[in-house]
There are 2 protein chains.
Amino acid sequence: MAIREKVFGIVTGVFKRHGGVAIDTPVFELKETLTGKYGEDSKLIYDLADQGGELSSLRYDLTVPFARYLATKKLTSMRRYHIAKVYRRDNPARGRFREFYQCDFDIAGQYELMVPDFEILKIATELLDKLNIGSYEVKLNHRRLLDGMLEICGVPAEKFRTICSSIDKLDKLPWEDVKKEVQDKGLSEEAADKIGTLVVKRGKPLELLEELMRDDSPFRGNAASEQALSEMKQLFSYMEVGKCLDRYVFDLSLARGLDYYTGVIFEAVFTGTVKMGSIAAGGRYDDLVGMFSGLQVPAVGMSLGIERVFAIMEEQSSQVAVRKTQTDVLVLGIGKSLWNVVIAIANELWELEIGTEFKCVAPGKIKKNLSDASDKDCIPWVVLVGQDELDQGVVKLRNMSEKIEEEISRDGLAAIIQTRIASAACAT
Amino acid sequence: MAIREKVFGIVTGVFKRHGGVAIDTPVFELKETLTGKYGEDSKLIYDLADQGGELSSLRYDLTVPFARYLATKKLTSMRRYHIAKVYRRDNPARGRFREFYQCDFDIAGQYELMVPDFEILKIATELLDKLNIGSYEVKLNHRRLLDGMLEICGVPAEKFRTICSSIDKLDKLPWEDVKKEVQDKGLSEEAADKIGTLVVKRGKPLELLEELMRDDSPFRGNAASEQALSEMKQLFSYMEVGKCLDRYVFDLSLARGLDYYTGVIFEAVFTGTVKMGSIAAGGRYDDLVGMFSGLQVPAVGMSLGIERVFAIMEEQSSQVAVRKTQTDVLVLGIGKSLWNVVIAIANELWELEIGTEFKCVAPGKIKKNLSDASDKDCIPWVVLVGQDELDQGVVKLRNMSEKIEEEISRDGLAAIIQTRIASAACAT
């Protein structure tokens with residue numbers, strides 16, 4: 001948790017610097033709210049038992065609840081972030097759990113074409129850079145370019161979504177398996193093969209874009225594709241100025257399984273030493289809010305799979321040692337008769353908002369307690385309270401890292417300790 | 001959420017200063033884990049639908065999951081805090097929801113008698129004081145004193161828990177109703193009347209303690225009561241030294257409905273202008289961990305009902321205005337042709353970790369956007385980017401609170417803004 005708090009701090013920092021407002025939504029949604037939003041993955045939704053009242057399910061992601069929130073509150077514009085747990089009846093694996101945190105940032109509302117899309121893509125790379133987990137690659141595509149591609153290959157419109165689901169498996173399955181699957185779904189071998197020649201195309205965004213826009217490109221003349229390519233061109237120019245284009249790969253095989261995407265889609269994959277699924281993903285979903293309210297609110301967003309980031313950090317064992325507690329001072333009474341004095345001192349320190357633990361131990365156990373305080377708990381200061389010193393109106397203050405002890409007056413003790421902590425903090 | 005984050009910051013600060021380690025547990029527990037822990041309130045537990053696999057419920061509090069966590073991990077000592085949501089199938093009311101946050105701190109392990117109990121009670125008052133919601137009172141009692149009292153009144157041991165549940169209603173019901181309830185549960189009128197004469201006793205801790213320990217006290221000679229009173233005496237001495245005893249009322253009617261308490265119990269009630277149920281509560285539960293593992297781990301803890309604190313704050317409208325976003329700078333392009341310049345400037349600011357939003361608007365809308373930035377969004381700085389200025393290599397930086405504009409060079413712009421923000425922060 002100490003590591004998590006640190007990581008959440010980094011994520012929240014990026015989100016706030018992009019003007020994000022935090023919201024919270026309930027962990028349950030009405031069952032019908034989640035129905036029909038997640039394609040083949042809908043079977044992974046957890047339902048609550050019917051104990052009377054509305055039928056509810058546990059949220060599967062933070063995007064549908066956000067869209068439902070906008071619709072319910074009749075909001076037409078919002079830039080929100082949400083860090084919370086989501087639930088999936090999935091088989092746990094490394095970095096994949098049934099309950100896990102997602103960190104989402106979304107921009108909803110009417111904006112200049114491709115400007116919010118750029119900012120979401122920028123936020124995604126800014127997060128991954130700041131988290132400092134190592135090399136990664138972000139695949140980028142456009143749902144309407146995919147639709148155009150399928151149209152060109154002769155796929156009927158009603159099959160676009162299901163064929164997309166199959167194409168989405170290309171990062172895990174070889175083309176032969178996916179080809180078989182799309183044929184099982186009713187495509188001719190000719191259509192499947194044509195898809196096969198197009199989905200392999202990937203490369204640096206500007207280079208592939210140029211190729212796809214050339215006169216001899218199969219995409220020329222297809223309305224959906226032309227529109228998508230022109231949007232991508234605009235987007236890439238913003239990404240170039242915003243210095244994140246070099247993190248992205250334009251990849252025609254990226255489809256994203258979820259039903260609700262309508263424009264730009266992307267997925268970040270860790271390319272370091274550990275094998276790990278996607279660590280961040282997102283896209284534009286212009287119709288989702290309208291599915292709840294009838295009022296069209298265009299939106300684009302991203303989700304960071306923070307559990308996978310933790311899993312990568314664990315594998316790398318790269319994280320800096322993090323203290324579990326933030327205790328500044330241990331008040332240590334020598335002998336069991338000193339509880340009242342020790343409590344009084346601890347209380348004076350709490351009043352000054354100094355993190356303090358306290359205990360009284362037998363004289364023979366002082367050494368052990370001091371070494372635990374230093375080695376196990378990383379407590380920087382110990383107040384040693386002994387009866388002999390108390391009789392002379394003093395206690396000992398021990399600086400644990402420098403192993404220096406000084407005698408200080410019992411009166412005004414807390415204020416002196418406050419000064420010592422402050423000056424030690426300034427020195428480092 | 002901005003207010004909540006501030007309040008959670010205060011709570012977390014107190015918990016950390018008492019050496020707390022944060023943990024997180026799943027929102028589901030096995031159904032059997034929660035069974036038999038909550039007395040009559042067990043009917044409020046939410047169950048998950050049976051979709052295959054183990055039967056699970058949503059956590060009802062954070063105490064039982066903590067005990068289960070200690071048992072599962074075979075831990076015999078821990079000082080943990082946990083801020084998370086719990087779930088109850090209750091009728092919503094002011095400050096009472098079906099999904100709500102609790103803030104818990106618990107100390108588990110073998111410690112000197114009454115020392116951790118004191119620290120929990122100290123933390124409770126420290127929290128309520130720091131939250132600054134106004135006057136409150138904390139009722140304090142001891143489960144074994146209640147048991148002794150019931151024994152003295154002739155209640156058979158197997159009825160202690162159910163009679164406690166009835167007594168616990170005394171803060172909402174008059175004695176006559178509770179008397180009827182305990183008689184319905186099989187007590188004689190004589191026993192009920194005897195309970196009636198004892199549960200009314202309440203007062204300053206040391207004064208009531210002295211009364212209950214006098215030779216003519218009905219509690220004298222009853223083993224459970226004598227032990228409880230001697231523990232209370234020790235506890236009060238620590239609380240006096242720790243300067244929190246004056247916040248507490250020793251109240252023999254306090255019973256707490258939950259089954260798992262075994263020692264000190266307490267409940268904080270807001271006594272300000274708003275009517276609100278208990279805002280914090282807790283106690284000692286020495287047998288709960290053993291119910292899972294067979295291994296006895298004594299523990300004492302507290303839970304803050306933070307939603308009620310928010311409800312009180314809302315009623316008082318006392319909270320300071322909190323900014324929803326933490327945006328330092330708005331980069332505002334005058335005219336739609338400036339997106340690339342505006343994005344480049346925003347990006348330079350993000351790289352310096354300066355919170356930045358950006359937009360380009362038609363010249364006629366600059367005034368409106370400036371007043372929104374100032375009044376609605378409280379953004380302290382605006383960079384005005386115009387083509388004419390750009391041609392001369394400059395932009396305008398506007399200090400929104402002082403309404404001063406200065407021309408600054410486009411080159412090195414971000415560094416200059418960073419300096420301006422830093423010196424403004426120092427000046428306040």
# chains A, B, ... in the order shown; residues from 1 in each chain; ligands from 1

call {"tool": "select_by_dssp", "arguments": {"residues": "segment 69-269 of chain B", "states": "strand (DSSP E)", "output": "ChimeraX atom specification"}}
result
/B:78-87,99-108,136-142,202-203,248-251,264-269

call {"tool": "select_by_dssp", "arguments": {"residues": "segment 38-175 of chain A", "states": "helix (DSSP H, G or I)", "output": "number ranges by chain"}}
result
A: 39-44, 63-72, 115-131, 143-152, 157-171, 175

call {"tool": "residues_around", "arguments": {"residues": "Gly186 of chain B", "least_positions_apart": "5", "cutoff": "12 Å", "atoms": "only C-alpha atoms", "output": "list of chain:residue names"}}
result
B:Gly154, B:Val155, B:Pro156, B:Glu158, B:Lys159, B:Phe160, B:Thr162, B:Ile163, B:Lys179, B:Lys180, B:Glu181, B:Ala191, B:Ala192

call {"tool": "write_last_selection", "arguments": {"atoms": "N, CA and C atoms", "output": "short mmCIF file (atom, residue, chain, number, x, y, z; two decimals), in the first residue's frame"}}
result
data_model
loop_
_atom_site.label_atom_id
_atom_site.label_comp_id
_atom_site.auth_asym_id
_atom_site.auth_seq_id
_atom_site.Cartn_x
_atom_site.Cartn_y
_atom_site.Cartn_z
N GLY B 154 -30.02 -10.87 37.10
CA GLY B 154 -30.63 -12.20 36.98
C GLY B 154 -30.91 -12.63 35.56
N VAL B 155 -30.23 -12.01 34.56
CA VAL B 155 -30.42 -12.43 33.17
C VAL B 155 -29.52 -13.64 32.90
N PRO B 156 -30.07 -14.72 32.32
CA PRO B 156 -29.21 -15.87 32.04
C PRO B 156 -28.18 -15.54 30.94
N GLU B 158 -27.00 -16.92 28.31
CA GLU B 158 -27.28 -17.11 26.89
C GLU B 158 -28.13 -15.97 26.33
N LYS B 159 -28.71 -15.14 27.23
CA LYS B 159 -29.53 -14.02 26.73
C LYS B 159 -28.77 -12.68 26.73
N PHE B 160 -27.48 -12.68 27.18
CA PHE B 160 -26.73 -11.42 27.29
C PHE B 160 -26.73 -10.64 25.96
N THR B 162 -28.61 -10.79 23.19
CA THR B 162 -29.87 -10.27 22.66
C THR B 162 -30.41 -9.14 23.54
N ILE B 163 -30.17 -9.23 24.86
CA ILE B 163 -30.61 -8.13 25.74
C ILE B 163 -29.76 -6.88 25.49
N LYS B 179 -38.03 -1.78 27.78
CA LYS B 179 -38.49 -2.69 28.85
C LYS B 179 -39.43 -3.74 28.26
N LYS B 180 -40.37 -3.26 27.42
CA LYS B 180 -41.31 -4.19 26.79
C LYS B 180 -40.55 -5.22 25.94
N GLU B 181 -39.54 -4.71 25.19
CA GLU B 181 -38.80 -5.61 24.31
C GLU B 181 -38.06 -6.69 25.10
N ALA B 191 -36.54 -8.33 36.76
CA ALA B 191 -35.20 -8.21 36.13
C ALA B 191 -35.16 -6.96 35.25
N ALA B 192 -36.21 -6.76 34.47
CA ALA B 192 -36.24 -5.60 33.57
C ALA B 192 -36.15 -4.30 34.38
#

call {"tool": "closest_atom_pairs", "arguments": {"of": "chain A", "to": "chain B", "cutoff": "8 Å", "atoms": "only C-alpha atoms", "output": "tab-separated table"}}
result
residue	atom	partner	partner_atom	distance
A:Met1	CA	B:Ala22	CA	5.9
A:Ala2	CA	B:Ala22	CA	7.1
A:Val14	CA	B:Glu353	CA	7.9
A:Lys16	CA	B:Gln326	CA	5.8
A:Arg17	CA	B:Gly355	CA	3.5
A:His18	CA	B:Thr356	CA	5.7
A:Gly19	CA	B:Thr327	CA	5.3
A:Gly20	CA	B:Thr325	CA	6.1
A:Val21	CA	B:Thr325	CA	5.6
A:Ala22	CA	B:Met1	CA	6.0
A:Ile23	CA	B:Met1	CA	6.0
A:Asp24	CA	B:Met1	CA	7.2
A:Pro26	CA	B:Glu99	CA	7.0
A:Tyr46	CA	B:Leu48	CA	7.5
A:Asp47	CA	B:Ala49	CA	5.4
A:Leu48	CA	B:Leu48	CA	4.1
A:Ala49	CA	B:Ala49	CA	3.8
A:Asp50	CA	B:Ala49	CA	7.1
A:Gln51	CA	B:Tyr46	CA	7.9
A:Glu99	CA	B:Pro26	CA	7.0
A:Ser237	CA	B:Asn340	CA	7.9
A:Tyr238	CA	B:Asn340	CA	6.3
A:Val241	CA	B:Ala344	CA	5.5
A:Gly242	CA	B:Ala344	CA	5.6
A:Lys243	CA	B:Asn347	CA	7.6
A:Lys324	CA	B:Val21	CA	5.9
A:Thr325	CA	B:Val21	CA	5.6
A:Gln326	CA	B:Lys16	CA	5.8
A:Thr327	CA	B:Gly19	CA	5.3
A:Trp339	CA	B:Tyr238	CA	8.0
A:Asn340	CA	B:Val241	CA	6.3
A:Val341	CA	B:Val241	CA	8.0
A:Ile343	CA	B:Gly242	CA	6.0
A:Ala344	CA	B:Val241	CA	5.4
A:Asn347	CA	B:Gly242	CA	5.6
A:Trp350	CA	B:Arg17	CA	7.1
A:Glu353	CA	B:Arg17	CA	7.0
A:Ile354	CA	B:Arg17	CA	6.3
A:Gly355	CA	B:Arg17	CA	3.5
A:Thr356	CA	B:His18	CA	5.7
A:Glu357	CA	B:His18	CA	6.0

call {"tool": "atom_distance", "arguments": {"atom1": "atom CA of Arg59 of chain A", "atom2": "atom CA of Phe266 of chain A"}}
result
22.0 Å

call {"tool": "residues_around", "arguments": {"residues": "Asp246 of chain A", "least_positions_apart": "5", "cutoff": "10 Å", "atoms": "only C-alpha atoms", "output": "ChimeraX atom specification"}}
result
/A:137-138,204-206,239-240

call {"tool": "write_last_selection", "arguments": {"atoms": "N, CA and C atoms", "output": "PDB file, in the first residue's frame"}}
result
ATOM      1  N   GLU A 137       5.260   0.642 -25.933  1.00  0.00           N
ATOM      2  CA  GLU A 137       4.870   1.074 -27.272  1.00  0.00           C
ATOM      3  C   GLU A 137       3.362   1.265 -27.240  1.00  0.00           C
ATOM      4  N   VAL A 138       2.869   2.291 -27.905  1.00  0.00           N
ATOM      5  CA  VAL A 138       1.420   2.469 -27.938  1.00  0.00           C
ATOM      6  C   VAL A 138       0.930   2.288 -29.351  1.00  0.00           C
ATOM      7  N   LYS A 204       5.609   3.713 -38.301  1.00  0.00           N
ATOM      8  CA  LYS A 204       5.636   5.068 -37.749  1.00  0.00           C
ATOM      9  C   LYS A 204       4.432   5.832 -38.277  1.00  0.00           C
ATOM     10  N   PRO A 205       3.728   6.565 -37.401  1.00  0.00           N
ATOM     11  CA  PRO A 205       2.458   7.176 -37.801  1.00  0.00           C
ATOM     12  C   PRO A 205       2.513   7.956 -39.111  1.00  0.00           C
ATOM     13  N   LEU A 206       3.479   8.875 -39.249  1.00  0.00           N
ATOM     14  CA  LEU A 206       3.470   9.720 -40.445  1.00  0.00           C
ATOM     15  C   LEU A 206       3.790   8.922 -41.699  1.00  0.00           C
ATOM     16  N   MET A 239       0.161  15.827 -32.110  1.00  0.00           N
ATOM     17  CA  MET A 239       1.034  14.954 -31.323  1.00  0.00           C
ATOM     18  C   MET A 239       2.503  15.272 -31.566  1.00  0.00           C
ATOM     19  N   GLU A 240       2.807  15.689 -32.790  1.00  0.00           N
ATOM     20  CA  GLU A 240       4.195  16.033 -33.088  1.00  0.00           C
ATOM     21  C   GLU A 240       4.602  17.276 -32.285  1.00  0.00           C
TER      22      GLU A 240
END

call {"tool": "closest_residue", "arguments": {"among": "B:Ile107, B:Cys164, B:Val274, B:Ile379", "to": "Glu315 of chain B", "atoms": "only C-alpha atoms"}}
result
B:Val274

call {"tool": "atom_distance", "arguments": {"atom1": "atom CA of Cys103 of chain A", "atom2": "atom CA of Leu140 of chain A"}}
result
19.6 Å

call {"tool": "residues_around", "arguments": {"residues": "Pro298 of chain B", "least_positions_apart": "4", "cutoff": "8 Å", "atoms": "only C-alpha atoms", "output": "JSON, numbers by chain"}}
result
{"B": [108, 109, 110, 284, 285, 286, 287, 289]}

call {"tool": "residues_around", "arguments": {"residues": "Leu209 of chain B", "least_positions_apart": "3", "cutoff": "10 Å", "atoms": "only C-alpha atoms", "output": "NGL selection string"}}
result
:B and (202-206 or 212-214 or 229-230 or 232-233 or 236 or 250)

call {"tool": "atom_distance", "arguments": {"atom1": "atom CA of Gly386 of chain A", "atom2": "atom CA of Ile334 of chain A"}}
result
5.2 Å
